[in-house]
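Colleague: Dropping in model20.cif, with mmCIF, C-alpha atoms.
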```
data_coords
loop_
_atom_site.group_PDB
_atom_site.id
_atom_site.type_symbol
_atom_site.label_atom_id
_atom_site.label_comp_id
_atom_site.auth_asym_id
_atom_site.auth_seq_id
_atom_site.Cartn_x
_atom_site.Cartn_y
_atom_site.Cartn_z
ATOM 1 C CA MET G 16 0.000 0.000 0.000
ATOM 2 C CA ALA G 17 1.317 3.467 -0.915
ATOM 3 C CA PRO G 18 2.476 5.661 1.982
ATOM 4 C CA PHE G 19 0.144 8.417 3.117
ATOM 5 C CA SER G 20 2.485 11.145 1.795
ATOM 6 C CA THR G 21 2.364 9.623 -1.702
ATOM 7 C CA ILE G 22 -1.429 9.404 -1.642
ATOM 8 C CA LEU G 23 -1.681 13.008 -0.448
ATOM 9 C CA PHE G 24 0.659 14.166 -3.229
ATOM 10 C CA LEU G 25 -1.450 12.404 -5.879
ATOM 11 C CA ILE G 26 -4.596 13.997 -4.501
ATOM 12 C CA LEU G 27 -3.022 17.446 -4.626
ATOM 13 C CA LEU G 28 -2.115 16.930 -8.288
ATOM 14 C CA ILE G 29 -5.804 16.920 -9.163
ATOM 15 C CA VAL G 30 -7.665 20.217 -9.480
ATOM 16 C CA PRO G 31 -9.739 20.484 -6.310
ATOM 17 C CA LEU G 32 -13.415 19.782 -6.719
ATOM 18 C CA CYS G 33 -15.641 22.420 -5.290
ATOM 19 C CA SER G 34 -18.302 22.338 -2.627
ATOM 20 C CA ALA G 35 -18.532 26.122 -2.801
ATOM 21 C CA THR G 36 -21.786 27.859 -2.001
ATOM 22 C CA LEU G 37 -22.068 30.041 -5.079
ATOM 23 C CA GLY G 38 -25.319 31.837 -5.827
ATOM 24 C CA VAL G 39 -27.225 33.261 -8.786
ATOM 25 C CA GLN G 40 -28.085 36.439 -6.819
ATOM 26 C CA TYR G 41 -24.617 37.011 -5.366
ATOM 27 C CA TYR G 42 -24.282 40.584 -6.716
ATOM 28 C CA ASN G 43 -27.934 41.628 -6.430
ATOM 29 C CA GLN G 44 -27.214 44.049 -3.594
ATOM 30 C CA THR G 45 -23.581 45.007 -4.201
ATOM 31 C CA CYS G 46 -23.593 45.377 -8.008
ATOM 32 C CA PRO G 47 -27.113 44.863 -9.378
ATOM 33 C CA HIS G 48 -26.201 45.820 -12.966
ATOM 34 C CA ALA G 49 -23.074 43.655 -13.175
ATOM 35 C CA GLU G 50 -24.445 41.190 -15.712
ATOM 36 C CA ASP G 51 -25.851 43.963 -17.913
ATOM 37 C CA ILE G 52 -22.465 45.710 -17.928
ATOM 38 C CA ILE G 53 -20.693 42.478 -18.837
ATOM 39 C CA TYR G 54 -23.176 41.652 -21.594
ATOM 40 C CA GLN G 55 -23.056 45.085 -23.219
ATOM 41 C CA THR G 56 -19.262 45.170 -23.223
ATOM 42 C CA ILE G 57 -18.965 41.658 -24.648
ATOM 43 C CA ARG G 58 -21.593 42.345 -27.290
ATOM 44 C CA ASN G 59 -19.857 45.523 -28.446
ATOM 45 C CA ALA G 60 -16.485 43.782 -28.626
ATOM 46 C CA SER G 61 -17.981 40.874 -30.594
ATOM 47 C CA PHE G 62 -19.488 43.305 -33.094
ATOM 48 C CA PHE G 63 -16.051 44.715 -33.891
ATOM 49 C CA ASP G 64 -14.213 41.368 -33.684
ATOM 50 C CA PRO G 65 -16.193 38.223 -34.637
ATOM 51 C CA LYS G 66 -13.458 36.031 -33.103
ATOM 52 C CA VAL G 67 -14.322 37.205 -29.590
ATOM 53 C CA PRO G 68 -17.085 34.664 -28.775
ATOM 54 C CA ALA G 69 -14.979 31.598 -29.574
ATOM 55 C CA ARG G 70 -11.981 33.030 -27.722
ATOM 56 C CA ILE G 71 -13.952 33.907 -24.587
ATOM 57 C CA LEU G 72 -15.563 30.460 -24.443
ATOM 58 C CA ARG G 73 -12.165 28.799 -24.848
ATOM 59 C CA MET G 74 -10.723 31.119 -22.201
ATOM 60 C CA PHE G 75 -13.293 29.842 -19.681
ATOM 61 C CA PHE G 76 -12.439 26.207 -20.443
ATOM 62 C CA HIS G 77 -8.710 26.841 -20.202
ATOM 63 C CA ASP G 78 -9.054 28.766 -16.953
ATOM 64 C CA CYS G 79 -11.162 26.164 -15.164
ATOM 65 C CA PHE G 80 -9.085 23.196 -16.360
ATOM 66 C CA ILE G 81 -5.806 24.321 -14.784
ATOM 67 C CA ARG G 82 -6.326 25.559 -11.205
ATOM 68 C CA GLY G 83 -10.103 25.724 -11.273
ATOM 69 C CA CYS G 84 -12.212 28.755 -12.220
ATOM 70 C CA ASP G 85 -10.000 31.350 -10.532
ATOM 71 C CA ALA G 86 -9.053 33.691 -13.422
ATOM 72 C CA SER G 87 -5.441 32.522 -13.264
ATOM 73 C CA VAL G 88 -5.451 32.510 -17.086
ATOM 74 C CA LEU G 89 -5.785 36.320 -17.022
ATOM 75 C CA LEU G 90 -2.639 37.054 -15.014
ATOM 76 C CA ASP G 91 0.299 38.536 -16.924
ATOM 77 C CA SER G 92 3.751 37.036 -16.754
ATOM 78 C CA THR G 93 6.337 38.791 -14.585
ATOM 79 C CA PRO G 94 10.148 38.729 -14.724
ATOM 80 C CA GLU G 95 10.031 36.016 -12.058
ATOM 81 C CA ASN G 96 7.145 33.949 -13.460
ATOM 82 C CA LYS G 97 5.827 32.848 -16.850
ATOM 83 C CA ALA G 98 2.023 32.794 -16.528
ATOM 84 C CA GLU G 99 -0.630 30.494 -18.013
ATOM 85 C CA LYS G 100 -1.550 32.899 -20.806
ATOM 86 C CA ASP G 101 1.984 32.470 -22.189
ATOM 87 C CA GLY G 102 1.785 28.671 -22.203
ATOM 88 C CA PRO G 103 1.620 27.198 -25.748
ATOM 89 C CA PRO G 104 -2.098 26.237 -25.693
ATOM 90 C CA ASN G 105 -3.106 29.776 -24.645
ATOM 91 C CA LEU G 106 -1.067 31.867 -27.081
ATOM 92 C CA SER G 107 -4.034 32.099 -29.468
ATOM 93 C CA LEU G 108 -6.685 33.079 -26.886
ATOM 94 C CA GLY G 109 -6.254 36.723 -27.794
ATOM 95 C CA ALA G 110 -9.344 38.283 -26.158
ATOM 96 C CA PHE G 111 -7.852 39.420 -22.865
ATOM 97 C CA TYR G 112 -8.425 43.044 -23.842
ATOM 98 C CA VAL G 113 -12.173 42.366 -23.788
ATOM 99 C CA ILE G 114 -12.032 41.197 -20.180
ATOM 100 C CA ASP G 115 -9.957 44.315 -19.391
ATOM 101 C CA ALA G 116 -12.737 46.488 -20.841
ATOM 102 C CA VAL G 117 -15.384 44.648 -18.811
ATOM 103 C CA LYS G 118 -13.370 45.067 -15.626
ATOM 104 C CA THR G 119 -12.826 48.787 -16.262
ATOM 105 C CA ASN G 120 -16.571 49.322 -16.695
ATOM 106 C CA LEU G 121 -17.396 47.291 -13.583
ATOM 107 C CA GLU G 122 -14.836 49.126 -11.448
ATOM 108 C CA LYS G 123 -16.519 52.419 -12.387
ATOM 109 C CA ALA G 124 -19.930 51.095 -11.357
ATOM 110 C CA CYS G 125 -19.005 48.877 -8.385
ATOM 111 C CA PRO G 126 -15.381 49.223 -7.237
ATOM 112 C CA ALA G 127 -13.613 46.119 -5.914
ATOM 113 C CA THR G 128 -16.765 44.009 -6.071
ATOM 114 C CA VAL G 129 -17.000 41.690 -9.085
ATOM 115 C CA SER G 130 -14.230 39.102 -9.391
ATOM 116 C CA CYS G 131 -12.385 38.427 -12.629
ATOM 117 C CA ALA G 132 -13.276 34.745 -12.260
ATOM 118 C CA ASP G 133 -16.987 35.602 -12.268
ATOM 119 C CA ILE G 134 -16.497 37.916 -15.249
ATOM 120 C CA VAL G 135 -15.051 35.073 -17.321
ATOM 121 C CA ALA G 136 -17.850 32.688 -16.284
ATOM 122 C CA ILE G 137 -20.601 35.182 -17.120
ATOM 123 C CA ALA G 138 -18.921 36.250 -20.352
ATOM 124 C CA ALA G 139 -18.713 32.608 -21.479
ATOM 125 C CA ARG G 140 -22.464 32.231 -20.976
ATOM 126 C CA ASP G 141 -23.114 35.489 -22.832
ATOM 127 C CA VAL G 142 -21.058 34.617 -25.926
ATOM 128 C CA VAL G 143 -22.867 31.275 -26.196
ATOM 129 C CA ALA G 144 -26.310 32.887 -25.878
ATOM 130 C CA MET G 145 -25.561 35.761 -28.279
ATOM 131 C CA SER G 146 -24.303 33.208 -30.839
ATOM 132 C CA GLY G 147 -27.649 31.402 -30.817
ATOM 133 C CA GLY G 148 -26.954 28.888 -28.064
ATOM 134 C CA PRO G 149 -28.585 28.249 -24.684
ATOM 135 C CA TYR G 150 -28.820 30.689 -21.783
ATOM 136 C CA TRP G 151 -28.322 29.618 -18.174
ATOM 137 C CA ASN G 152 -28.122 31.333 -14.811
ATOM 138 C CA VAL G 153 -24.475 31.616 -13.819
ATOM 139 C CA LEU G 154 -23.686 30.878 -10.186
ATOM 140 C CA LYS G 155 -21.492 33.666 -8.792
ATOM 141 C CA GLY G 156 -19.216 34.320 -5.837
ATOM 142 C CA ARG G 157 -15.860 33.052 -7.126
ATOM 143 C CA LYS G 158 -12.719 34.841 -6.006
ATOM 144 C CA ASP G 159 -9.477 35.344 -7.914
ATOM 145 C CA GLY G 160 -6.356 33.237 -7.559
ATOM 146 C CA ARG G 161 -2.827 34.539 -7.101
ATOM 147 C CA VAL G 162 -0.891 31.733 -8.843
ATOM 148 C CA SER G 163 -0.495 31.221 -12.597
ATOM 149 C CA ARG G 164 2.179 29.007 -14.156
ATOM 150 C CA ALA G 165 2.681 28.437 -17.885
ATOM 151 C CA ASN G 166 4.085 24.934 -17.370
ATOM 152 C CA GLU G 167 0.751 23.802 -15.903
ATOM 153 C CA THR G 168 -0.975 24.287 -19.279
ATOM 154 C CA VAL G 169 0.462 20.894 -20.212
ATOM 155 C CA ASN G 170 -2.496 19.528 -18.207
ATOM 156 C CA LEU G 171 -5.037 20.820 -20.737
ATOM 157 C CA PRO G 172 -6.624 18.069 -22.868
ATOM 158 C CA ALA G 173 -4.814 18.010 -26.217
ATOM 159 C CA PRO G 174 -6.473 17.828 -29.666
ATOM 160 C CA SER G 175 -4.535 14.595 -30.237
ATOM 161 C CA PHE G 176 -6.043 12.830 -27.191
ATOM 162 C CA ASN G 177 -8.031 9.641 -27.612
ATOM 163 C CA THR G 178 -11.325 9.177 -25.780
ATOM 164 C CA SER G 179 -9.803 7.323 -22.818
ATOM 165 C CA GLN G 180 -7.347 10.169 -22.249
ATOM 166 C CA LEU G 181 -10.178 12.710 -22.510
ATOM 167 C CA ILE G 182 -12.372 10.804 -20.056
ATOM 168 C CA GLN G 183 -9.525 10.666 -17.530
ATOM 169 C CA SER G 184 -8.729 14.375 -17.961
ATOM 170 C CA PHE G 185 -12.352 15.334 -17.339
ATOM 171 C CA ALA G 186 -12.716 12.861 -14.457
ATOM 172 C CA ASN G 187 -9.763 14.526 -12.719
ATOM 173 C CA ARG G 188 -11.923 17.629 -12.565
ATOM 174 C CA GLY G 189 -15.072 15.887 -11.388
ATOM 175 C CA LEU G 190 -16.653 15.850 -14.849
ATOM 176 C CA GLY G 191 -18.279 12.802 -16.406
ATOM 177 C CA VAL G 192 -18.553 11.296 -19.870
ATOM 178 C CA LYS G 193 -21.687 13.280 -20.697
ATOM 179 C CA ASP G 194 -19.924 16.480 -19.654
ATOM 180 C CA LEU G 195 -16.996 15.587 -21.927
ATOM 181 C CA VAL G 196 -19.201 15.126 -24.986
ATOM 182 C CA ALA G 197 -21.388 18.155 -24.215
ATOM 183 C CA LEU G 198 -18.515 20.552 -23.521
ATOM 184 C CA SER G 199 -16.653 19.348 -26.621
ATOM 185 C CA GLY G 200 -19.606 20.864 -28.476
ATOM 186 C CA GLY G 201 -18.077 24.257 -27.666
ATOM 187 C CA HIS G 202 -15.961 23.559 -30.752
ATOM 188 C CA THR G 203 -19.010 24.612 -32.753
ATOM 189 C CA LEU G 204 -17.546 28.114 -32.382
ATOM 190 C CA GLY G 205 -14.150 28.910 -33.762
ATOM 191 C CA PHE G 206 -11.117 28.030 -35.816
ATOM 192 C CA SER G 207 -7.973 25.936 -35.446
ATOM 193 C CA HIS G 208 -4.504 26.477 -36.849
ATOM 194 C CA CYS G 209 -2.975 23.615 -38.831
ATOM 195 C CA SER G 210 -0.556 22.723 -36.036
ATOM 196 C CA SER G 211 -3.391 21.244 -33.960
ATOM 197 C CA PHE G 212 -4.426 18.657 -36.550
ATOM 198 C CA GLU G 213 -1.730 18.364 -39.250
ATOM 199 C CA GLY G 214 -0.537 15.105 -37.676
ATOM 200 C CA ARG G 215 -3.703 13.536 -39.099
ATOM 201 C CA LEU G 216 -2.867 14.670 -42.633
ATOM 202 C CA HIS G 217 0.750 13.634 -43.240
ATOM 203 C CA ASN G 218 2.676 10.490 -42.212
ATOM 204 C CA PHE G 219 -0.158 9.483 -39.884
ATOM 205 C CA SER G 220 1.133 5.936 -39.418
ATOM 206 C CA SER G 221 3.295 3.295 -41.072
ATOM 207 C CA VAL G 222 0.169 2.041 -42.853
ATOM 208 C CA HIS G 223 -1.777 5.248 -43.582
ATOM 209 C CA ASP G 224 -0.456 8.627 -44.699
ATOM 210 C CA THR G 225 -3.779 10.176 -43.635
ATOM 211 C CA ASP G 226 -5.941 9.354 -40.602
ATOM 212 C CA PRO G 227 -8.437 6.801 -42.014
ATOM 213 C CA SER G 228 -11.183 8.117 -39.705
ATOM 214 C CA LEU G 229 -11.202 11.356 -41.740
ATOM 215 C CA ASN G 230 -13.666 11.729 -44.593
ATOM 216 C CA ALA G 231 -11.476 11.370 -47.704
ATOM 217 C CA VAL G 232 -12.763 14.478 -49.496
ATOM 218 C CA PHE G 233 -12.506 16.524 -46.300
ATOM 219 C CA ALA G 234 -8.968 15.257 -45.738
ATOM 220 C CA GLN G 235 -7.940 16.471 -49.195
ATOM 221 C CA SER G 236 -9.361 19.934 -48.519
ATOM 222 C CA LEU G 237 -7.444 20.076 -45.230
ATOM 223 C CA LYS G 238 -4.230 19.029 -46.978
ATOM 224 C CA GLN G 239 -4.637 21.898 -49.435
ATOM 225 C CA LYS G 240 -5.000 24.357 -46.554
ATOM 226 C CA CYS G 241 -2.212 22.760 -44.525
ATOM 227 C CA PRO G 242 0.457 21.532 -46.974
ATOM 228 C CA LYS G 243 3.759 20.115 -45.830
ATOM 229 C CA PRO G 244 5.876 22.142 -45.467
ATOM 230 C CA ASN G 245 3.545 24.988 -44.556
ATOM 231 C CA SER G 246 4.895 28.542 -44.475
ATOM 232 C CA ASP G 247 1.542 30.177 -43.595
ATOM 233 C CA ARG G 248 1.282 30.372 -39.806
ATOM 234 C CA ASN G 249 -2.284 31.680 -40.058
ATOM 235 C CA ALA G 250 -3.568 28.741 -42.116
ATOM 236 C CA GLY G 251 -6.175 26.487 -40.589
ATOM 237 C CA GLN G 252 -9.758 25.305 -40.604
ATOM 238 C CA LEU G 253 -13.105 26.356 -39.135
ATOM 239 C CA LEU G 254 -14.174 23.795 -36.559
ATOM 240 C CA ASP G 255 -17.608 23.572 -38.112
ATOM 241 C CA PRO G 256 -19.162 25.191 -41.224
ATOM 242 C CA THR G 257 -21.364 27.496 -39.118
ATOM 243 C CA SER G 258 -18.496 28.559 -36.878
ATOM 244 C CA SER G 259 -20.075 31.844 -35.764
ATOM 245 C CA VAL G 260 -23.340 30.144 -34.746
ATOM 246 C CA PHE G 261 -23.687 27.995 -31.648
ATOM 247 C CA ASP G 262 -25.531 24.899 -32.884
ATOM 248 C CA ASN G 263 -25.215 21.112 -33.052
ATOM 249 C CA ASN G 264 -23.474 21.088 -36.436
ATOM 250 C CA TYR G 265 -20.235 20.037 -34.749
ATOM 251 C CA TYR G 266 -21.717 16.621 -33.944
ATOM 252 C CA LYS G 267 -23.081 16.203 -37.470
ATOM 253 C CA GLN G 268 -19.581 16.898 -38.772
ATOM 254 C CA ILE G 269 -18.149 14.185 -36.548
ATOM 255 C CA ILE G 270 -20.696 11.641 -37.796
ATOM 256 C CA SER G 271 -19.677 12.561 -41.379
ATOM 257 C CA GLY G 272 -15.990 11.965 -40.590
ATOM 258 C CA LYS G 273 -15.271 15.683 -40.635
ATOM 259 C CA GLY G 274 -14.161 16.273 -37.057
ATOM 260 C CA VAL G 275 -11.105 18.509 -37.291
ATOM 261 C CA PHE G 276 -9.349 17.256 -34.158
ATOM 262 C CA ALA G 277 -8.467 13.619 -33.569
ATOM 263 C CA SER G 278 -9.941 14.032 -30.078
ATOM 264 C CA ASP G 279 -13.276 15.101 -31.546
ATOM 265 C CA GLN G 280 -13.465 12.285 -34.101
ATOM 266 C CA SER G 281 -12.542 9.683 -31.480
ATOM 267 C CA LEU G 282 -15.760 10.433 -29.591
ATOM 268 C CA LEU G 283 -17.859 8.813 -32.326
ATOM 269 C CA ASN G 284 -16.055 5.489 -32.348
ATOM 270 C CA ASP G 285 -15.898 4.856 -28.598
ATOM 271 C CA TYR G 286 -18.764 2.889 -27.053
ATOM 272 C CA ARG G 287 -18.807 5.233 -24.045
ATOM 273 C CA THR G 288 -19.375 8.400 -26.072
ATOM 274 C CA GLY G 289 -20.662 7.469 -29.536
ATOM 275 C CA LEU G 290 -24.344 7.257 -28.618
ATOM 276 C CA ILE G 291 -24.189 10.667 -26.922
ATOM 277 C CA VAL G 292 -22.599 12.199 -30.038
ATOM 278 C CA LYS G 293 -25.447 10.781 -32.143
ATOM 279 C CA ALA G 294 -28.100 11.974 -29.673
ATOM 280 C CA PHE G 295 -26.742 15.534 -29.766
ATOM 281 C CA ALA G 296 -26.497 15.435 -33.580
ATOM 282 C CA ASN G 297 -30.132 14.352 -33.794
ATOM 283 C CA ASP G 298 -31.599 16.808 -31.284
ATOM 284 C CA GLN G 299 -30.178 20.297 -30.786
ATOM 285 C CA THR G 300 -32.542 20.963 -27.874
ATOM 286 C CA VAL G 301 -31.070 18.031 -25.943
ATOM 287 C CA PHE G 302 -27.542 19.251 -26.697
ATOM 288 C CA PHE G 303 -28.354 22.782 -25.524
ATOM 289 C CA ARG G 304 -29.836 21.498 -22.266
ATOM 290 C CA GLU G 305 -26.884 19.244 -21.523
ATOM 291 C CA PHE G 306 -24.303 21.858 -22.550
ATOM 292 C CA ALA G 307 -25.795 24.401 -20.141
ATOM 293 C CA ALA G 308 -25.847 21.849 -17.308
ATOM 294 C CA SER G 309 -22.220 20.890 -17.951
ATOM 295 C CA MET G 310 -21.112 24.540 -18.108
ATOM 296 C CA ILE G 311 -22.635 25.099 -14.651
ATOM 297 C CA LYS G 312 -20.793 22.009 -13.411
ATOM 298 C CA LEU G 313 -17.503 23.141 -14.980
ATOM 299 C CA GLY G 314 -17.974 26.562 -13.383
ATOM 300 C CA ASN G 315 -17.850 24.893 -9.956
ATOM 301 C CA VAL G 316 -14.414 23.326 -10.438
ATOM 302 C CA GLY G 317 -11.756 24.532 -8.017
ATOM 303 C CA VAL G 318 -13.614 27.661 -6.955
ATOM 304 C CA LEU G 319 -11.933 29.967 -4.417
ATOM 305 C CA GLU G 320 -14.247 31.688 -1.921
ATOM 306 C CA ASN G 321 -11.755 33.038 0.594
ATOM 307 C CA ALA G 322 -9.437 34.939 -1.702
ATOM 308 C CA GLU G 323 -9.285 38.377 -3.328
ATOM 309 C CA VAL G 324 -11.217 40.343 -5.922
ATOM 310 C CA ARG G 325 -8.570 41.690 -8.276
ATOM 311 C CA LEU G 326 -8.761 45.379 -9.144
ATOM 312 C CA ASN G 327 -6.906 44.652 -12.387
ATOM 313 C CA CYS G 328 -7.486 41.217 -13.907
ATOM 314 C CA ARG G 329 -3.908 41.078 -15.204
ATOM 315 C CA ALA G 330 -2.218 41.382 -11.798
ATOM 316 C CA VAL G 331 -2.712 40.254 -8.215
ATOM 317 C CA ASN G 332 -3.602 42.963 -5.725
#
```
Just give me the structure of the file as structure tokens.
Modeller:
Amino acid sequence: MAPFSTILFLILLIVPLCSATLGVQYYNQTCPHAEDIIYQTIRNASFFDPKVPARILRMFFHDCFIRGCDASVLLDSTPENKAEKDGPPNLSLGAFYVIDAVKTNLEKACPATVSCADIVAIAARDVVAMSGGPYWNVLKGRKDGRVSRANETVNLPAPSFNTSQLIQSFANRGLGVKDLVALSGGHTLGFSHCSSFEGRLHNFSSVHDTDPSLNAVFAQSLKQKCPKPNSDRNAGQLLDPTSSVFDNNYYKQIISGKGVFASDQSLLNDYRTGLIVKAFANDQTVFFREFAASMIKLGNVGVLENAEVRLNCRAVN
């Protein structure tokens, strides 16, 4: 049997699950217009930059999956510390200025009241709803963390993961198989650079040059966009054909063999996830309901209640 110190160390490696007492009405007395301020700022930013919704939604995922939903992804690096936002998976997030604008507007209305962690959680809900997806009541009361380390971004689920690796990654955060499939549907918004999927297109294995789970016609179109060698760093592929609309098209793409990431396509062919993929492809209402429920669950991961409310989301107080 492993010594107690070893068991304790393994437990501490896992993002803490939360029994926090968050509430929908947390700011009703202290900042009653907080959600309106967040929504208006996000909507205006999305009007000028259509990439904002996908980036904000991804920001929420990447924040909660490292140290829990504590806004550690927003902290800037310092001479002594390279922060999460400068870890390889986060270099393309690119919407931190939007959160800055939200925070500036909130500080004018309600100084030192609304946490950066709550801003990200509410903003993620808003970009989904304004893109045609479901609306849910966000539980609030998170506080902001003081630690952010770029090397911890290695713990984010990779686009090359198989379903077993994905299930384990989500389980480490208290999330189940249904949550995995539902939250993967967030890929209905956005774009990926070639580097995240080009391994499927060239020298895939000793038997196949291209991943055989890819639709052959789709694979050829991806190869044209992502040739080898590829000198265009901006080249890539929309994650679903209606990439500015939150819908269930992502799952239909997977069923057609057109999932961009290996991790996405693997969901169809695994007995634990395949039926859920098909259910979401067949019924958008079911997908919307389950996505909202899983977003609430994700928003409870690793929540801090006895910490600070940052005055500037980029730096600890």
Colleague: Kindly resolve the PyMOL selection byres ((chain G and resi 176-191) around 7) on the present coordinates and return the residues as a PyMOL selection string.
Modeller: chain G and resi 29-30+32+172-175+192-195+277-278+281-282+285+316
Colleague: Go ahead and compute the interatomic distance for atom CA of G:Thr36 and atom CA of G:His48, in Å to one decimal.
Modeller: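 Separation between atom CA of G:Thr36 and atom CA of G:His48: 21.5 Å.
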Colleague: Which of these, G:Phe75, G:Ser92, G:Leu37, G:Tyr112, has the shortest distance to G:Ser61 once you count only C-alpha atoms?
Modeller: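 Selected residue with least distance to G:Ser61: G:Tyr112.
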Colleague: I'd like the residues picked by the PyMOL selection byres ((chain G and resi 241) around 8) written out as a list in words, using the chain letters and numbers from the file.
Modeller: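 After applying the PyMOL selection byres ((chain G and resi 241) around 8), what remains is Cys209, Glu213, Leu237, Lys238, Gln239, Lys240, Pro242, Lys243, Asn245, Ala250 and Gly251 of chain G.
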Colleague: At what distance in Å, to one decimal, does atom CA of G:Pro68 lie from atom CA of G:Ser146?
Modeller: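 Computed distance, atom CA of G:Ser146 to atom CA of G:Pro68, equals 7.6 Å.
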Colleague: Apply the PyMOL selection byres ((chain G and resi 227) around 12) to the displayed file and report the matching residues as a count of residues only.
Modeller: 23
Colleague: Would you kindly return, as a list of chain:residue names, each protein, DNA or RNA residue with an atom no farther than 12 Å from any atom of G:Ala294, considering all atoms listed in the file and excluding same-chain residues fewer than 2 positions away?
Modeller: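 In the requested format, the answer is G:Lys193, G:Val196, G:Ala197, G:Asn263, G:Tyr266, G:Lys267, G:Ile270, G:Leu283, G:Thr288, G:Gly289, G:Leu290, G:Ile291, G:Val292, G:Ala296, G:Asn297, G:Asp298, G:Gln299, G:Thr300, G:Val301, G:Phe302, G:Phe303, G:Glu305.
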